[in-house]
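Below: the structure, in structure tokens.
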Amino acid sequence: MKKKKMKFDSGQLPKYLIYAFFVWFILSCLVIPNINTIFTVFFENGEFTLEPLQKLLSSEKAMKSLRNSCILAPALSVTVGFVGISLVLITEYFDIRGARMLRIGYMTTLIYGGIILVSGYKFIYGNNGFLTNIFAKVIPNFPTDWFQGFWAVLFVMTFACTSNHMIFLRNAMRAVDFQTVEAAQNMGASQIRILLRVVLPVLTPSLLAVTILTFITGLSATSAPLLIGGNDFQTITPMILTFSKTVNSRPLAALLALFLGIATILLLTVMMKIEKRGHYMSISKVKTTIRKQKIRNPIINVLVHIYAYILFLIYVLPVVLIVLFSFTDAKTIATRKLSLSAFTLDNYKTILTEASAYRPFIVSVIYSLLSAVAVAILVLMACRIIQKNKNKASAALEYGLLIPWLLPTTLIAIGLITTYNTPRFWMFNKILTGTSVIMFIGYVIIKIPFTLRMTKAAFFSLDDSLEDAARSLGAKGFYTFRRVILPIVLPTVLAIFALNFNGLLGDYDMSVFMYHPLNQPLGVYIKSLTDAQTNADNSALSFVYAVLMMIISGTVVYFVYGRGDKTKVKK
Amino acid sequence: MKKKLISILLCAGMVISLAGCGETGKEEKAENEAKKGETLTIYTNSGSDGRGEWLEEKAKEAGFDIQFIDAGAAETQSRLIAEKNAPVADVVFGLNSIIWSSLKSEDILTEYVPKWAGEVESELNDSDGFYHATVKQAILLCYDENQISEEEAPKDWPDLWQKEEFHGKYEYLTGLSGGTVRNVLAGILTRYADPEGELGISDEGWKEIESYYKNGSPNESGVDLYARIADTNNPIVCGQMWSSGIESRDEQYGTKTAYVVPEVGVPYAVEAIGIVNGTKKLDEAKEFVDWFGSAEVQGEWAEEFSTLPANEKAVDKANEFNQEIAKIPAQDIDWDLVAENIDAWCEKIILEYMP
Amino acid sequence: MIKLENIDVCFGDFKALKNINIHVKEGEFFTFLGPSGCGKTTTLRTITGFINPVNGTVSVRGKDITNTPVEKRNIGMVFQSYALFPTMTVYENIAFGLKVQKMSKEDIRQKVYSMAEKVDLSEEQLQKKVSELSGGQQQRVAIARALVTSPEIICLDEPLSNLDAKLRVQLRNELKDLQRRFGITSVYVTHDQEEALTLSDKIAVFNEGVIEQIGTPDEIYNHSATEFVCNFIGDINRLEKEFLIASGLDASNKSIVDVDKKCYIRLERIHVNDVLDGDTLKIGAEVESAEFYGLYIKYILKAGNESLKVIEKNSGRPLYKKGEKVTLSFNPKDIMQY
């Protein structure tokens, strides 16, 4: 709506510096290192080739995996959406007994993920799992390998992927103007009607945003299909990872990744269009915060309580088991037979007494912290530019920053090293390989798209007149941003910060190619421990590390979230 | 909120400065020792299980200052190739012949024949002097004698898919980037070498490999093969294993491992050591290689980590089990064919044969 | 004091303002009135600097500020949504502009407190979060925030539109009172004609991006310059040619009333059974209905085919009943024609 004449004056200088920085950053960190990777897909020895494409098209397995990924993504969007909405309603909307405890349980996905999470679920539902054993006893001929394939993957991922709902959708729910609910009640609407017609529509923009993320997670599912997909339900990302590890198979990896990447970008484009169409902004000036709704129908009330607590168990049991098993040995883990005698503190002793074991923790915490902060700042600036300028340049900025979604982490890492192992003009003729900086850059790069996506959503829900008000009171652009805009989006930014930090803490894919010999990060350290060749099986140690990481992640989540929650409760 | 942000940033700052102190501390130390020798950066896939620390200690006693980049074999290879123009590493050890030969052809290594080269079986070393063997590992098909007897057990790899009794009872790996699995594949495929065939392998060979994957059971990510063998409810009774991993697994899982000795012999994964082309510390690197591969160090290494040294003078330091392993005949494998084609083979297997 | 000269504003292809010329005098309460989408808010935002005109100049006290950035204009603004900063307390909201000016803490304190007193905000309320205030209180915070930096001009964008009727009237009076006390030049945007008439010194009536009329409230009401204005402001009766002739108008004398033009008359200018001086036109009518408002009575009457609305001051005499025959009289000078 606003039209501004651009005029150069010295006050604008920082602005132009920031523009210049982004042009440089996108070109030198996102485009140039990756362009070669994409090039290798279609060019071999300088000649155009479709060989990788043909290879993939003629491979039944590749096509099936691709199909599976494409089935999983939408299916997951639906199931995660359903569970995610339930979680938000249970913790924020309905009056459920023990909601605070439930909330903590539902938030466990924030502190662990990947292989560890899936292993946790396998302890319960897999072969020899607790539940499986119970079923096997009660039902004769119960197939003990029941927890395998599409449904198992869908089940685990449904509960593993609700982190974003618990953060972003919950925030949206808290922002619902309760007067609208009261108004609807006043007009005699039933509870279900209010929920469906008044409350959920307000959540739609946030729901859309988190659904995109779920969709992308579904497309690039790795651990769950690998561990419980069985022969019938393997997806494409494990294949990409395998290929990207082998030098000569990288074009295949890049090509497969491009499939996913393009699907992702297409989806995003559609979603951006929908997003532009309109916002459901609250128009009320005097908002009342939500008061929890008691479910009036007693039968439904009981059912909802049961549902809430079943969900709670599903969420909490894997964590509890991982913690328990971290005190046992490999054999107990393998056979899943917990007995009192199996408990030992040896695992913790081994790790905590080993001096070299601390350093990776410190290294990873620092790198993750710095990268998460850098990403947050970078993306905040980018969002500000995108918000203020709606033109081709800002669109280019936005799409440019989404490039890392096109390629798997491994290939981004390799692209970065290969490009900057010689002095390049773009990097001020500095060699990055072998420096401590390169891993930091790598960490920042892989976290940009997600951060951009979620931060932008927060920016777009801002009331434009706030900024106008600040400016009419004499505040300049940056002051306005710092004092007015930032405090409003800060909760979202901090939440994203926590997610990024936790995600980077155990990173292996990027780190292994980039870490400096003095700074071995946690992910690499754990992997080298657990992949050890002579010590038979270090699964116990990997659980100990998982627990230690949960503690760090949990602390971060608590600082960002737990305290915030409390202050809100006080008032 | 603002306060919170500030406190977070403050914390970050503190941690960074602390870390900075840590790092400078370390560097100072490095500088002090640089009087004796420069700090060598060593890439290896064989630094786990305390081997890295052990070696660091031993090297220090010998006057070397070393630091490790410890990663999987495939990652180490990728990293070396990616860093080609500005190598970080000075020395590489571990890995396997396939990767060594590819590193050599990628011009990653520099030629150096260490003093102990003559003490190693000459076939194990690179004929052009770019890398030299340190440790041998037999890649074996293992089973648990508690569950099947020697008579019942397969006699060679093809038995697994050719005899119905083993169908569904052996494990294959779904990831093909590891050294062991590539040796297994090389051991099977090179039996069907055919210059006319696709990727140097005859149609029959590809049929066999198809059958191998069709009748086996994929590994479960995060679950050790031995965990499946030890579990009596699990149908898996056998699978691939590297020789130095057997003893500790028997100890941990209470299994009694026996291995198949086929008539053609078994593939040996040969760990080696080489100097990175472009290192600025060539002299120091050469000295380190001379020291590391010597009969004395390899002997101690063998004692400490129950490996099978390639250095013949050190073999007697290996334990009884490894002495036994040393007696298994090596399979005659055309490693050049393997090195040239293994990536393509794996690609083909993943795309076409793996269910 | 404020001069808008030949202002054109475009949004893409859409011409939002066409050749706007306005002169607001020092201390004046100037209102932009019009239906939604007429360009009144756009004009206001042009004054504050949120919108840059394609053509024309904005000047304050003779100084051209067309290209001066918003933050340097020293024009206060109260937003329709109030735009109070949700993360700050009431105190912080009011102090915001002063902090921007890097005023000392003590000065800020004094200014905020004295301003809070003027707008009736208690000390306790100052420490509250803005979301904890009622609508009326929020409005006062918004006004206080805009006034505390002592701007030369204050712009108000429909600040009463979201309030209930009673609060609106009350705050309207408060607003006028505040304006009078501060003597500050005010530009006010509203679509509510009653608000405009009661508050303003001058009114500009907007329609589809052009100004239809600028004048004092009584000029606008009694001598509407255009048909749009007379229809938009207050209620009115359209008088047909036949009706006028039947009431005794000399159609041939176009100097008094030109019956071929569209003729209108305000409701209170027709009198029931009560001939005033100058009421040369008379016609018989029948009462259709009567609405009693206390202060006045609104009749709907039928005269021939014409249906007329008439307002009579409540003088205490009995109301005319439905079906009662009455005589209507009016002065031809009160007829507005276009």
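Simple scheme: letters A, B, ... for chains in structure tokens order, numbers from 1 for residues in each chain, numbers from 1 for ligands in the order shown.
Residues in contact with Lys321 (chain C) at up to 12 Å, not including ones fewer than 5 positions away on its chain and judged by only C-alpha atoms, are Glu286, Val287, Glu288, Ser289, Ala290, Glu291, Phe292, Ile297, Tyr299, Ile300, Leu301 and Val326 of chain C.
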Next, the residues of the selection above should be written as a short mmCIF file (atom, residue, chain, number, x, y, z; two decimals), in the first residue's frame with C-alpha atoms.
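The new file again-v1.cif reads:
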```cif
data_model
loop_
_atom_site.label_atom_id
_atom_site.label_comp_id
_atom_site.auth_asym_id
_atom_site.auth_seq_id
_atom_site.Cartn_x
_atom_site.Cartn_y
_atom_site.Cartn_z
CA GLU C 286 -51.85 13.35 5.68
CA VAL C 287 -49.94 11.99 8.67
CA GLU C 288 -48.69 8.46 8.06
CA SER C 289 -46.77 7.90 11.26
CA ALA C 290 -45.15 9.71 14.13
CA GLU C 291 -42.05 8.82 16.10
CA PHE C 292 -41.64 10.49 19.45
CA ILE C 297 -41.09 14.35 16.90
CA TYR C 299 -43.49 12.63 11.23
CA ILE C 300 -43.86 10.80 8.00
CA LEU C 301 -46.45 12.41 5.84
CA VAL C 326 -52.41 18.87 8.16
#
```
Using only C-alpha atoms, find each residue in chain C having at least one atom no more than 6 Å away from chain A; report its shortest atom-to-atom pair and that distance in Å (one decimal), rows by chain then rising number, as a tab-separated table.
```
residue	atom	partner	partner_atom	distance
C:Val70	CA	A:Ser472	CA	5.7
C:Glu71	CA	A:Gly474	CA	3.8
C:Ala83	CA	A:Leu466	CA	4.7
C:Gly97	CA	A:Leu473	CA	4.8
C:Val100	CA	A:Ala475	CA	5.7
```
Chain B proximity check over A:Ile448, A:Ala395, A:Ala62, A:Ile35, using only C-alpha atoms: winner is A:Ala62
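Excluding Thr89 (chain C) itself and any same-chain residue fewer than 6 positions from it, the protein and nucleic acid residues within 8 Å of it, counting only C-alpha atoms, are C:Leu126, C:Gln127, C:Lys128, C:Lys129, C:Val130.
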Give me, as a PyMOL selection string, all polymer residues having an atom no more than 8 Å from Thr435 (chain A), counting only C-alpha atoms and skipping those fewer than 3 positions away in the same chain. chain A and resi 432+438+516
Given only C-alpha atoms as the basis, pick out the residue of B:Ala193, B:Ala314, B:Leu140, B:Leu103 nearest to chain A. B:Leu103
Applying 9 Å and only C-alpha atoms, which residues near region 262-277 of chain B remain after dropping the ones on its own chain fewer than 4 positions away? List them as number ranges by chain. B: 80, 84, 87-98, 100, 107-112, 124-125, 130-141, 155-157, 179-180, 183-184, 186-187, 242, 282, 285-286, 289, 292-293, 310, 328-333
